[in-house]
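Peer 1: Got a structure for you, structure-v2.cif, holding mmCIF, C-alpha atoms.
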data_query
#
loop_
_atom_site.group_PDB
_atom_site.id
_atom_site.type_symbol
_atom_site.label_atom_id
_atom_site.label_comp_id
_atom_site.auth_asym_id
_atom_site.auth_seq_id
_atom_site.Cartn_x
_atom_site.Cartn_y
_atom_site.Cartn_z
ATOM 1 C CA MET L 1 -15.863 -16.283 22.161
ATOM 2 C CA ILE L 2 -17.729 -13.648 20.126
ATOM 3 C CA ASP L 3 -15.567 -10.817 21.491
ATOM 4 C CA GLU L 4 -12.371 -12.712 20.657
ATOM 5 C CA THR L 5 -13.586 -13.325 17.108
ATOM 6 C CA LEU L 6 -14.520 -9.648 16.701
ATOM 7 C CA LEU L 7 -11.123 -8.581 18.045
ATOM 8 C CA GLU L 8 -9.295 -10.869 15.614
ATOM 9 C CA ALA L 9 -11.403 -9.574 12.723
ATOM 10 C CA GLU L 10 -10.766 -5.955 13.721
ATOM 11 C CA GLU L 11 -7.009 -6.568 13.928
ATOM 12 C CA ALA L 12 -7.029 -8.140 10.463
ATOM 13 C CA MET L 13 -9.022 -5.207 9.096
ATOM 14 C CA GLU L 14 -6.636 -2.686 10.714
ATOM 15 C CA ARG L 15 -3.670 -4.458 9.140
ATOM 16 C CA THR L 16 -5.434 -4.221 5.780
ATOM 17 C CA VAL L 17 -6.011 -0.475 6.218
ATOM 18 C CA GLU L 18 -2.317 -0.020 7.099
ATOM 19 C CA ALA L 19 -1.317 -2.052 4.044
ATOM 20 C CA THR L 20 -3.597 0.150 1.940
ATOM 21 C CA SER L 21 -1.862 3.253 3.214
ATOM 22 C CA GLU L 22 1.554 1.780 2.430
ATOM 23 C CA ASP L 23 0.363 0.652 -0.989
ATOM 24 C CA PHE L 24 -0.999 4.097 -1.852
ATOM 25 C CA ALA L 25 2.314 5.690 -0.817
ATOM 26 C CA THR L 26 3.992 3.756 -3.622
ATOM 27 C CA VAL L 27 1.730 5.321 -6.259
ATOM 28 C CA ARG L 28 3.494 8.285 -7.752
ATOM 29 C CA THR L 29 2.092 11.795 -7.597
ATOM 30 C CA GLY L 30 3.799 14.865 -9.001
ATOM 31 C CA ARG L 31 6.148 15.192 -6.022
ATOM 32 C CA ALA L 32 9.332 13.274 -5.275
ATOM 33 C CA ASN L 33 8.701 10.836 -2.435
ATOM 34 C CA PRO L 34 11.136 8.128 -1.257
ATOM 35 C CA ALA L 35 8.166 5.902 -0.318
ATOM 36 C CA LEU L 36 7.672 5.362 -4.056
ATOM 37 C CA TYR L 37 10.674 3.066 -3.951
ATOM 38 C CA SER L 38 9.700 1.010 -0.902
ATOM 39 C CA LYS L 39 8.599 -1.942 -3.067
ATOM 40 C CA VAL L 40 11.584 -1.858 -5.451
ATOM 41 C CA LEU L 41 13.689 -5.003 -5.095
ATOM 42 C CA VAL L 42 17.354 -5.061 -6.109
ATOM 43 C CA ASN L 43 19.275 -8.195 -7.065
ATOM 44 C CA TYR L 44 21.999 -7.820 -4.442
ATOM 45 C CA TYR L 45 24.489 -10.709 -4.456
ATOM 46 C CA GLY L 46 21.879 -13.084 -5.815
ATOM 47 C CA SER L 47 18.989 -12.235 -3.501
ATOM 48 C CA ALA L 48 16.114 -9.798 -3.923
ATOM 49 C CA THR L 49 16.757 -7.035 -1.382
ATOM 50 C CA PRO L 50 14.520 -4.006 -0.752
ATOM 51 C CA LEU L 51 16.136 -0.803 -2.012
ATOM 52 C CA GLN L 52 15.478 0.878 1.357
ATOM 53 C CA GLN L 53 18.051 -1.499 2.913
ATOM 54 C CA LEU L 54 20.753 -0.719 0.342
ATOM 55 C CA ALA L 55 20.714 3.066 0.126
ATOM 56 C CA SER L 56 19.787 6.353 1.759
ATOM 57 C CA PHE L 57 17.353 8.801 0.189
ATOM 58 C CA ASN L 58 17.344 12.590 0.028
ATOM 59 C CA THR L 59 14.876 14.935 -1.623
ATOM 60 C CA PRO L 60 16.703 18.227 -2.298
ATOM 61 C CA ASP L 61 13.653 19.653 -4.085
ATOM 62 C CA ALA L 62 10.092 18.686 -4.974
ATOM 63 C CA ARG L 63 11.063 16.877 -8.185
ATOM 64 C CA THR L 64 14.423 15.249 -7.364
ATOM 65 C CA ILE L 65 15.408 12.204 -5.322
ATOM 66 C CA LEU L 66 19.046 11.430 -4.567
ATOM 67 C CA ILE L 67 19.791 7.793 -3.790
ATOM 68 C CA THR L 68 23.158 7.112 -2.173
ATOM 69 C CA PRO L 69 24.063 3.394 -1.992
ATOM 70 C CA TYR L 70 25.788 2.168 1.157
ATOM 71 C CA ASP L 71 27.809 -0.191 -1.054
ATOM 72 C CA ILE L 72 29.042 1.481 -4.264
ATOM 73 C CA SER L 73 29.427 -1.942 -5.924
ATOM 74 C CA ALA L 74 25.621 -2.267 -5.860
ATOM 75 C CA MET L 75 25.186 0.928 -7.919
ATOM 76 C CA ARG L 76 24.669 -0.823 -11.269
ATOM 77 C CA GLU L 77 22.082 -3.273 -9.854
ATOM 78 C CA ILE L 78 20.221 -0.449 -8.077
ATOM 79 C CA GLU L 79 20.127 1.577 -11.279
ATOM 80 C CA LYS L 80 18.847 -1.447 -13.212
ATOM 81 C CA ALA L 81 16.113 -2.120 -10.619
ATOM 82 C CA LEU L 82 15.019 1.520 -10.757
ATOM 83 C CA SER L 83 14.857 1.468 -14.561
ATOM 84 C CA ASP L 84 12.827 -1.745 -14.543
ATOM 85 C CA SER L 85 10.377 -0.522 -11.889
ATOM 86 C CA GLU L 86 6.891 0.628 -12.864
ATOM 87 C CA ILE L 87 7.447 4.100 -11.412
ATOM 88 C CA GLY L 88 8.402 5.594 -14.757
ATOM 89 C CA ALA L 89 11.518 7.564 -13.804
ATOM 90 C CA ASN L 90 14.929 7.575 -15.473
ATOM 91 C CA PRO L 91 17.852 7.294 -13.050
ATOM 92 C CA SER L 92 21.173 8.978 -13.791
ATOM 93 C CA ASN L 93 24.353 7.802 -12.102
ATOM 94 C CA ASP L 94 27.276 10.108 -11.270
ATOM 95 C CA GLY L 95 29.431 7.369 -9.747
ATOM 96 C CA LYS L 96 28.559 8.145 -6.111
ATOM 97 C CA GLN L 97 24.815 8.568 -6.136
ATOM 98 C CA ILE L 98 21.815 8.119 -8.359
ATOM 99 C CA ARG L 99 19.699 11.133 -9.232
ATOM 100 C CA ILE L 100 16.096 10.735 -10.273
ATOM 101 C CA THR L 101 14.244 13.736 -11.620
ATOM 102 C CA MET L 102 10.532 13.112 -11.612
ATOM 103 C CA PRO L 103 8.974 14.125 -14.938
ATOM 104 C CA ASP L 104 5.686 15.989 -15.011
ATOM 105 C CA LEU L 105 2.726 13.649 -15.117
ATOM 106 C CA THR L 106 0.666 13.782 -18.272
ATOM 107 C CA GLU L 107 -3.123 13.740 -18.035
ATOM 108 C CA GLU L 108 -3.144 10.225 -19.481
ATOM 109 C CA ARG L 109 -0.603 9.003 -16.907
ATOM 110 C CA ARG L 110 -2.612 10.598 -14.088
ATOM 111 C CA ARG L 111 -5.717 8.713 -15.259
ATOM 112 C CA GLU L 112 -3.732 5.448 -15.300
ATOM 113 C CA TYR L 113 -2.599 6.084 -11.722
ATOM 114 C CA VAL L 114 -6.187 6.803 -10.661
ATOM 115 C CA LYS L 115 -7.246 3.444 -12.140
ATOM 116 C CA LEU L 116 -4.351 1.782 -10.320
ATOM 117 C CA VAL L 117 -5.407 3.361 -7.007
ATOM 118 C CA LYS L 118 -9.017 2.267 -7.515
ATOM 119 C CA GLY L 119 -7.872 -1.288 -8.253
ATOM 120 C CA LYS L 120 -5.658 -1.398 -5.172
ATOM 121 C CA ALA L 121 -8.493 0.004 -3.040
ATOM 122 C CA GLU L 122 -10.867 -2.673 -4.309
ATOM 123 C CA ASP L 123 -8.309 -5.418 -3.567
ATOM 124 C CA HIS L 124 -7.907 -4.167 -0.004
ATOM 125 C CA LYS L 125 -11.679 -3.911 0.487
ATOM 126 C CA VAL L 126 -11.909 -7.563 -0.602
ATOM 127 C CA SER L 127 -9.352 -8.392 2.126
ATOM 128 C CA VAL L 128 -11.523 -6.624 4.708
ATOM 129 C CA ARG L 129 -14.574 -8.541 3.496
ATOM 130 C CA ASN L 130 -12.638 -11.816 3.683
ATOM 131 C CA ALA L 131 -11.824 -11.068 7.333
ATOM 132 C CA ARG L 132 -15.553 -10.414 7.885
ATOM 133 C CA ARG L 133 -16.520 -13.674 6.200
ATOM 134 C CA LYS L 134 -14.052 -15.678 8.262
ATOM 135 C CA ALA L 135 -15.256 -14.116 11.532
ATOM 136 C CA LYS L 136 -18.921 -14.579 10.575
ATOM 137 C CA GLU L 137 -18.353 -18.252 9.805
ATOM 138 C CA ALA L 138 -16.609 -18.705 13.167
ATOM 139 C CA MET L 139 -19.560 -17.080 14.985
ATOM 140 C CA GLU L 140 -22.125 -19.164 13.094
ATOM 141 C CA LYS L 141 -20.197 -22.331 13.873
ATOM 142 C CA ALA L 142 -20.004 -21.410 17.577
ATOM 143 C CA ALA L 143 -23.760 -20.759 17.647
ATOM 144 C CA LYS L 144 -24.474 -24.024 15.823
ATOM 145 C CA ASP L 145 -22.233 -26.006 18.205
ATOM 146 C CA GLY L 146 -23.948 -24.418 21.216
ATOM 147 C CA GLU L 147 -20.850 -22.581 22.463
ATOM 148 C CA VAL L 148 -22.712 -19.262 22.340
ATOM 149 C CA GLY L 149 -26.371 -18.285 22.207
ATOM 150 C CA GLU L 150 -28.195 -17.237 19.050
ATOM 151 C CA ASP L 151 -28.691 -13.714 20.430
ATOM 152 C CA ASP L 152 -24.964 -13.315 21.122
ATOM 153 C CA ALA L 153 -24.121 -14.543 17.628
ATOM 154 C CA GLU L 154 -26.620 -12.095 16.112
ATOM 155 C CA ARG L 155 -25.211 -9.220 18.192
ATOM 156 C CA GLY L 156 -21.690 -10.215 17.118
ATOM 157 C CA THR L 157 -22.746 -10.281 13.468
ATOM 158 C CA LYS L 158 -24.189 -6.759 13.746
ATOM 159 C CA GLU L 159 -20.980 -5.503 15.370
ATOM 160 C CA LEU L 160 -18.977 -7.240 12.666
ATOM 161 C CA GLU L 161 -20.985 -5.494 9.935
ATOM 162 C CA SER L 162 -20.365 -2.157 11.656
ATOM 163 C CA LEU L 163 -16.613 -2.867 11.851
ATOM 164 C CA THR L 164 -16.526 -3.884 8.207
ATOM 165 C CA LYS L 165 -18.343 -0.744 7.087
ATOM 166 C CA LYS L 166 -15.993 1.446 9.141
ATOM 167 C CA HIS L 167 -12.873 -0.087 7.588
ATOM 168 C CA VAL L 168 -14.227 -0.135 4.034
ATOM 169 C CA ASP L 169 -15.171 3.541 4.426
ATOM 170 C CA ARG L 170 -11.634 4.349 5.612
ATOM 171 C CA ILE L 171 -10.186 2.662 2.517
ATOM 172 C CA ASP L 172 -12.643 4.578 0.307
ATOM 173 C CA ASP L 173 -11.632 7.862 1.962
ATOM 174 C CA MET L 174 -7.948 7.095 1.448
ATOM 175 C CA ALA L 175 -8.612 6.289 -2.212
ATOM 176 C CA LYS L 176 -10.537 9.549 -2.714
ATOM 177 C CA ARG L 177 -7.714 11.578 -1.130
ATOM 178 C CA LYS L 178 -5.098 9.847 -3.286
ATOM 179 C CA GLU L 179 -7.214 10.355 -6.399
ATOM 180 C CA ALA L 180 -7.571 14.071 -5.626
ATOM 181 C CA GLU L 181 -3.811 14.271 -5.047
ATOM 182 C CA LEU L 182 -3.143 12.578 -8.382
ATOM 183 C CA LEU L 183 -5.492 14.791 -10.357
ATOM 184 C CA GLU L 184 -4.120 17.961 -8.740
ATOM 185 C CA VAL L 185 -2.070 19.830 -11.343
#
As a first step, turn the structure in this file into structure tokens.

Peer 2:
Amino acid sequence: MIDETLLEAEEAMERTVEATSEDFATVRTGRANPALYSKVLVNYYGSATPLQQLASFNTPDARTILITPYDISAMREIEKALSDSEIGANPSNDGKQIRITMPDLTEERRREYVKLVKGKAEDHKVSVRNARRKAKEAMEKAAKDGEVGEDDAERGTKELESLTKKHVDRIDDMAKRKEAELLEV
């Protein structure tokens, strides 16, 4: 019972760490990165469709992204979605593909991105702590109902704290790396 609860909690925490990594990839640094556009949704025939499903991406140099739509009729909607996104890039359309040249980040913009990363990291750490709380409540309930012994529940709680610390530390490390990447000129 305790081991199953710990395993479920660890899986939830791992998913949170993966989501953190994906979330941080969408925060812009000075380099062109197609992952920036993974959360951009395009109004494609009336439904919100991820941009990754509508176009291919190329990065011919460190500051340029070329987006080639699979369906040319979606070009205008893709361009509109890119302009409305919070990435802060201006798309230019040549009729066949969309070119985005990433502007240099100002010091002020870098600081805003650092704040954004810290906020996202804190949100993900809260998710890890929620998984801990849920598992701890399940263990306490099992101990109270007599399904497991008090010693087993205490051991499980200690292991749970260790798991939580490990995952929170991983999120902190990811945030520090992203912050250093953002502040790198």

Peer 1: Which is closer to Glu137 (chain L) than all the others in L:Tyr44, L:Leu51, L:Ser83, L:Leu6, using all atoms listed in the file?

Peer 2: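 Closest to Glu137 (chain L), using all atoms listed in the file: L:Leu6.
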
Peer 1: What does the distance from CA of Lys136 (chain L) to CA of Met13 (chain L) come to in Å, to one decimal?

Peer 2: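 Distance between the two atoms: 13.7 Å.
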
Peer 1: Go ahead and find all residues with at least one atom no further than 7 Å from (29.1, 5.5, -7.2) in the file's coordinates, using only C-alpha atoms; report them as a PDB file with C-alpha atoms, in the coordinates of the input.

Peer 2:
ATOM      1  CA  ILE L  72      29.042   1.481  -4.264  1.00  0.00           C
ATOM      2  CA  MET L  75      25.186   0.928  -7.919  1.00  0.00           C
ATOM      3  CA  ASP L  94      27.276  10.108 -11.270  1.00  0.00           C
ATOM      4  CA  GLY L  95      29.431   7.369  -9.747  1.00  0.00           C
ATOM      5  CA  LYS L  96      28.559   8.145  -6.111  1.00  0.00           C
ATOM      6  CA  GLN L  97      24.815   8.568  -6.136  1.00  0.00           C
TER       7      GLN L  97
END

Peer 1: What's the separation between CA of Ile78 (chain L) and CA of Ala62 (chain L), in Å to one decimal place?

Peer 2: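 That distance, rounded to one decimal, is 21.9 Å.
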
Peer 1: When the PyMOL selection byres ((chain L and resi 3) around 12) is applied to the file above, which residues end up in the set, as JSON, numbers by chain?

Peer 2: {"L": [1, 2, 4, 5, 6, 7, 8, 9, 10, 135, 138, 139, 148, 152, 153, 155, 156, 157, 159, 160]}

Peer 1: Just the selected residues (C-alpha atoms), exported as a tab-separated table (two decimals), in the coordinates of the input, please.

Peer 2:
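Once everything was written out, this is out-v3.tsv:
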chain	number	residue	atom	x	y	z
L	1	MET	CA	-15.86	-16.28	22.16
L	2	ILE	CA	-17.73	-13.65	20.13
L	4	GLU	CA	-12.37	-12.71	20.66
L	5	THR	CA	-13.59	-13.32	17.11
L	6	LEU	CA	-14.52	-9.65	16.70
L	7	LEU	CA	-11.12	-8.58	18.05
L	8	GLU	CA	-9.30	-10.87	15.61
L	9	ALA	CA	-11.40	-9.57	12.72
L	10	GLU	CA	-10.77	-5.96	13.72
L	135	ALA	CA	-15.26	-14.12	11.53
L	138	ALA	CA	-16.61	-18.70	13.17
L	139	MET	CA	-19.56	-17.08	14.98
L	148	VAL	CA	-22.71	-19.26	22.34
L	152	ASP	CA	-24.96	-13.32	21.12
L	153	ALA	CA	-24.12	-14.54	17.63
L	155	ARG	CA	-25.21	-9.22	18.19
L	156	GLY	CA	-21.69	-10.22	17.12
L	157	THR	CA	-22.75	-10.28	13.47
L	159	GLU	CA	-20.98	-5.50	15.37
L	160	LEU	CA	-18.98	-7.24	12.67

Peer 1: Need the shell around region 99-109 of chain L: protein/DNA/RNA residues with any atom at most 7 Å away, counting all atoms listed in the file. Skip same-chain ones fewer than 6 positions apart. Format as a count of residues only?

Peer 2: 12

Peer 1: What is the CA of Lys178 (chain L) to CA of Ser162 (chain L) distance in Å?

Peer 2: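 Computed distance, CA of Lys178 (chain L) to CA of Ser162 (chain L), equals 24.5 Å.
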
Peer 1: Please identify all polymer residues within 9 Å of His167 (chain L), counting all atoms listed in the file, omitting same-chain residues fewer than 6 positions from it, and present them as an NGL selection string.

Peer 2: :L and (10 or 13-14 or 16-17 or 125 or 128)

Peer 1: Only C-alpha atoms, please: the residues just picked out, written as a short mmCIF file (atom, residue, chain, number, x, y, z; two decimals), in the coordinates of the input.

Peer 2:
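Resulting contents of again_22.cif:
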data_model
loop_
_atom_site.label_atom_id
_atom_site.label_comp_id
_atom_site.auth_asym_id
_atom_site.auth_seq_id
_atom_site.Cartn_x
_atom_site.Cartn_y
_atom_site.Cartn_z
CA GLU L 10 -10.77 -5.96 13.72
CA MET L 13 -9.02 -5.21 9.10
CA GLU L 14 -6.64 -2.69 10.71
CA THR L 16 -5.43 -4.22 5.78
CA VAL L 17 -6.01 -0.48 6.22
CA LYS L 125 -11.68 -3.91 0.49
CA VAL L 128 -11.52 -6.62 4.71
#

Peer 1: List the spatial neighbours of Ala121 (chain L) as an mmCIF file with C-alpha atoms, in the frame of the given file - criterion: any atom at most 9 Å away, only C-alpha atoms, same-chain residues fewer than 5 positions off excluded.

Peer 2:
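Output file part.cif is given in full below:
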data_model
loop_
_atom_site.group_PDB
_atom_site.id
_atom_site.type_symbol
_atom_site.label_atom_id
_atom_site.label_comp_id
_atom_site.auth_asym_id
_atom_site.auth_seq_id
_atom_site.Cartn_x
_atom_site.Cartn_y
_atom_site.Cartn_z
ATOM 1 C CA THR L 20 -3.597 0.150 1.940
ATOM 2 C CA PHE L 24 -0.999 4.097 -1.852
ATOM 3 C CA LEU L 116 -4.351 1.782 -10.320
ATOM 4 C CA VAL L 126 -11.909 -7.563 -0.602
ATOM 5 C CA ILE L 171 -10.186 2.662 2.517
ATOM 6 C CA ASP L 172 -12.643 4.578 0.307
ATOM 7 C CA MET L 174 -7.948 7.095 1.448
ATOM 8 C CA ALA L 175 -8.612 6.289 -2.212
#

Peer 1: Write out as a ChimeraX atom specification which residues come within 7 Å of Ser38 (chain L) when counting all atoms listed in the file, dropping same-chain ones fewer than 5 positions away.

Peer 2: /L:26,50-52

Peer 1: Atoms are missing here; could region 149-160 of chain L be completed with all heavy atoms and written as a PDB file, in the frame of the given file?

Peer 2:
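Output below, filename result_33.pdb:
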ATOM      1  N   GLY L 149     -24.949 -18.353  22.514  1.00  0.00           N
ATOM      2  CA  GLY L 149     -26.371 -18.285  22.207  1.00  0.00           C
ATOM      3  C   GLY L 149     -26.621 -17.615  20.864  1.00  0.00           C
ATOM      4  O   GLY L 149     -25.759 -16.892  20.339  1.00  0.00           O
ATOM      5  N   GLU L 150     -27.815 -17.834  20.333  1.00  0.00           N
ATOM      6  CA  GLU L 150     -28.195 -17.237  19.050  1.00  0.00           C
ATOM      7  C   GLU L 150     -28.174 -15.710  19.130  1.00  0.00           C
ATOM      8  O   GLU L 150     -27.752 -15.045  18.187  1.00  0.00           O
ATOM      9  CB  GLU L 150     -29.585 -17.718  18.629  1.00  0.00           C
ATOM     10  CG  GLU L 150     -29.658 -19.172  18.231  1.00  0.00           C
ATOM     11  CD  GLU L 150     -28.974 -19.448  16.899  1.00  0.00           C
ATOM     12  OE1 GLU L 150     -28.969 -18.576  16.019  1.00  0.00           O
ATOM     13  OE2 GLU L 150     -28.405 -20.547  16.766  1.00  0.00           O
ATOM     14  N   ASP L 151     -28.649 -15.172  20.268  1.00  0.00           N
ATOM     15  CA  ASP L 151     -28.691 -13.714  20.430  1.00  0.00           C
ATOM     16  C   ASP L 151     -27.281 -13.121  20.420  1.00  0.00           C
ATOM     17  O   ASP L 151     -27.043 -12.073  19.819  1.00  0.00           O
ATOM     18  CB  ASP L 151     -29.404 -13.317  21.722  1.00  0.00           C
ATOM     19  CG  ASP L 151     -30.894 -13.634  21.684  1.00  0.00           C
ATOM     20  OD1 ASP L 151     -31.412 -13.840  20.564  1.00  0.00           O
ATOM     21  OD2 ASP L 151     -31.523 -13.662  22.759  1.00  0.00           O
ATOM     22  N   ASP L 152     -26.353 -13.792  21.104  1.00  0.00           N
ATOM     23  CA  ASP L 152     -24.964 -13.315  21.122  1.00  0.00           C
ATOM     24  C   ASP L 152     -24.362 -13.357  19.722  1.00  0.00           C
ATOM     25  O   ASP L 152     -23.646 -12.444  19.318  1.00  0.00           O
ATOM     26  CB  ASP L 152     -24.107 -14.165  22.074  1.00  0.00           C
ATOM     27  CG  ASP L 152     -24.416 -13.885  23.531  1.00  0.00           C
ATOM     28  OD1 ASP L 152     -24.961 -12.787  23.821  1.00  0.00           O
ATOM     29  OD2 ASP L 152     -24.105 -14.747  24.382  1.00  0.00           O
ATOM     30  N   ALA L 153     -24.642 -14.421  18.988  1.00  0.00           N
ATOM     31  CA  ALA L 153     -24.121 -14.543  17.628  1.00  0.00           C
ATOM     32  C   ALA L 153     -24.699 -13.449  16.738  1.00  0.00           C
ATOM     33  O   ALA L 153     -23.989 -12.856  15.915  1.00  0.00           O
ATOM     34  CB  ALA L 153     -24.443 -15.928  17.059  1.00  0.00           C
ATOM     35  N   GLU L 154     -25.987 -13.151  16.912  1.00  0.00           N
ATOM     36  CA  GLU L 154     -26.620 -12.095  16.112  1.00  0.00           C
ATOM     37  C   GLU L 154     -26.030 -10.727  16.458  1.00  0.00           C
ATOM     38  O   GLU L 154     -25.756  -9.914  15.576  1.00  0.00           O
ATOM     39  CB  GLU L 154     -28.131 -12.107  16.356  1.00  0.00           C
ATOM     40  CG  GLU L 154     -28.894 -11.325  15.315  1.00  0.00           C
ATOM     41  CD  GLU L 154     -30.389 -11.541  15.428  1.00  0.00           C
ATOM     42  OE1 GLU L 154     -30.822 -12.709  15.517  1.00  0.00           O
ATOM     43  OE2 GLU L 154     -31.097 -10.535  15.423  1.00  0.00           O
ATOM     44  N   ARG L 155     -25.834 -10.475  17.758  1.00  0.00           N
ATOM     45  CA  ARG L 155     -25.211  -9.220  18.192  1.00  0.00           C
ATOM     46  C   ARG L 155     -23.796  -9.104  17.617  1.00  0.00           C
ATOM     47  O   ARG L 155     -23.402  -8.059  17.104  1.00  0.00           O
ATOM     48  CB  ARG L 155     -25.139  -9.164  19.730  1.00  0.00           C
ATOM     49  CG  ARG L 155     -24.424  -7.934  20.275  1.00  0.00           C
ATOM     50  CD  ARG L 155     -24.128  -8.044  21.771  1.00  0.00           C
ATOM     51  NE  ARG L 155     -23.378  -9.232  22.164  1.00  0.00           N
ATOM     52  CZ  ARG L 155     -22.053  -9.338  22.088  1.00  0.00           C
ATOM     53  NH1 ARG L 155     -21.322  -8.356  21.623  1.00  0.00           N
ATOM     54  NH2 ARG L 155     -21.438 -10.450  22.480  1.00  0.00           N
ATOM     55  N   GLY L 156     -23.045 -10.194  17.660  1.00  0.00           N
ATOM     56  CA  GLY L 156     -21.690 -10.215  17.118  1.00  0.00           C
ATOM     57  C   GLY L 156     -21.673  -9.941  15.625  1.00  0.00           C
ATOM     58  O   GLY L 156     -20.824  -9.214  15.117  1.00  0.00           O
ATOM     59  N   THR L 157     -22.655 -10.497  14.912  1.00  0.00           N
ATOM     60  CA  THR L 157     -22.746 -10.281  13.468  1.00  0.00           C
ATOM     61  C   THR L 157     -23.012  -8.816  13.156  1.00  0.00           C
ATOM     62  O   THR L 157     -22.421  -8.246  12.235  1.00  0.00           O
ATOM     63  CB  THR L 157     -23.850 -11.183  12.863  1.00  0.00           C
ATOM     64  OG1 THR L 157     -23.534 -12.542  13.161  1.00  0.00           O
ATOM     65  CG2 THR L 157     -23.936 -11.009  11.367  1.00  0.00           C
ATOM     66  N   LYS L 158     -23.898  -8.183  13.958  1.00  0.00           N
ATOM     67  CA  LYS L 158     -24.189  -6.759  13.746  1.00  0.00           C
ATOM     68  C   LYS L 158     -22.945  -5.907  14.009  1.00  0.00           C
ATOM     69  O   LYS L 158     -22.645  -4.977  13.254  1.00  0.00           O
ATOM     70  CB  LYS L 158     -25.343  -6.308  14.640  1.00  0.00           C
ATOM     71  CG  LYS L 158     -26.688  -6.799  14.156  1.00  0.00           C
ATOM     72  CD  LYS L 158     -27.800  -6.346  15.057  1.00  0.00           C
ATOM     73  CE  LYS L 158     -29.132  -6.930  14.586  1.00  0.00           C
ATOM     74  NZ  LYS L 158     -30.218  -6.641  15.522  1.00  0.00           N
ATOM     75  N   GLU L 159     -22.222  -6.236  15.076  1.00  0.00           N
ATOM     76  CA  GLU L 159     -20.980  -5.503  15.370  1.00  0.00           C
ATOM     77  C   GLU L 159     -19.956  -5.717  14.256  1.00  0.00           C
ATOM     78  O   GLU L 159     -19.236  -4.791  13.878  1.00  0.00           O
ATOM     79  CB  GLU L 159     -20.395  -5.959  16.714  1.00  0.00           C
ATOM     80  CG  GLU L 159     -21.120  -5.408  17.914  1.00  0.00           C
ATOM     81  CD  GLU L 159     -20.468  -5.843  19.215  1.00  0.00           C
ATOM     82  OE1 GLU L 159     -19.215  -5.796  19.317  1.00  0.00           O
ATOM     83  OE2 GLU L 159     -21.214  -6.214  20.135  1.00  0.00           O
ATOM     84  N   LEU L 160     -19.899  -6.912  13.741  1.00  0.00           N
ATOM     85  CA  LEU L 160     -18.977  -7.240  12.666  1.00  0.00           C
ATOM     86  C   LEU L 160     -19.298  -6.427  11.408  1.00  0.00           C
ATOM     87  O   LEU L 160     -18.398  -5.899  10.751  1.00  0.00           O
ATOM     88  CB  LEU L 160     -19.037  -8.739  12.369  1.00  0.00           C
ATOM     89  CG  LEU L 160     -18.066  -9.277  11.333  1.00  0.00           C
ATOM     90  CD1 LEU L 160     -16.630  -9.066  11.798  1.00  0.00           C
ATOM     91  CD2 LEU L 160     -18.328 -10.760  11.101  1.00  0.00           C
TER      92      LEU L 160
END
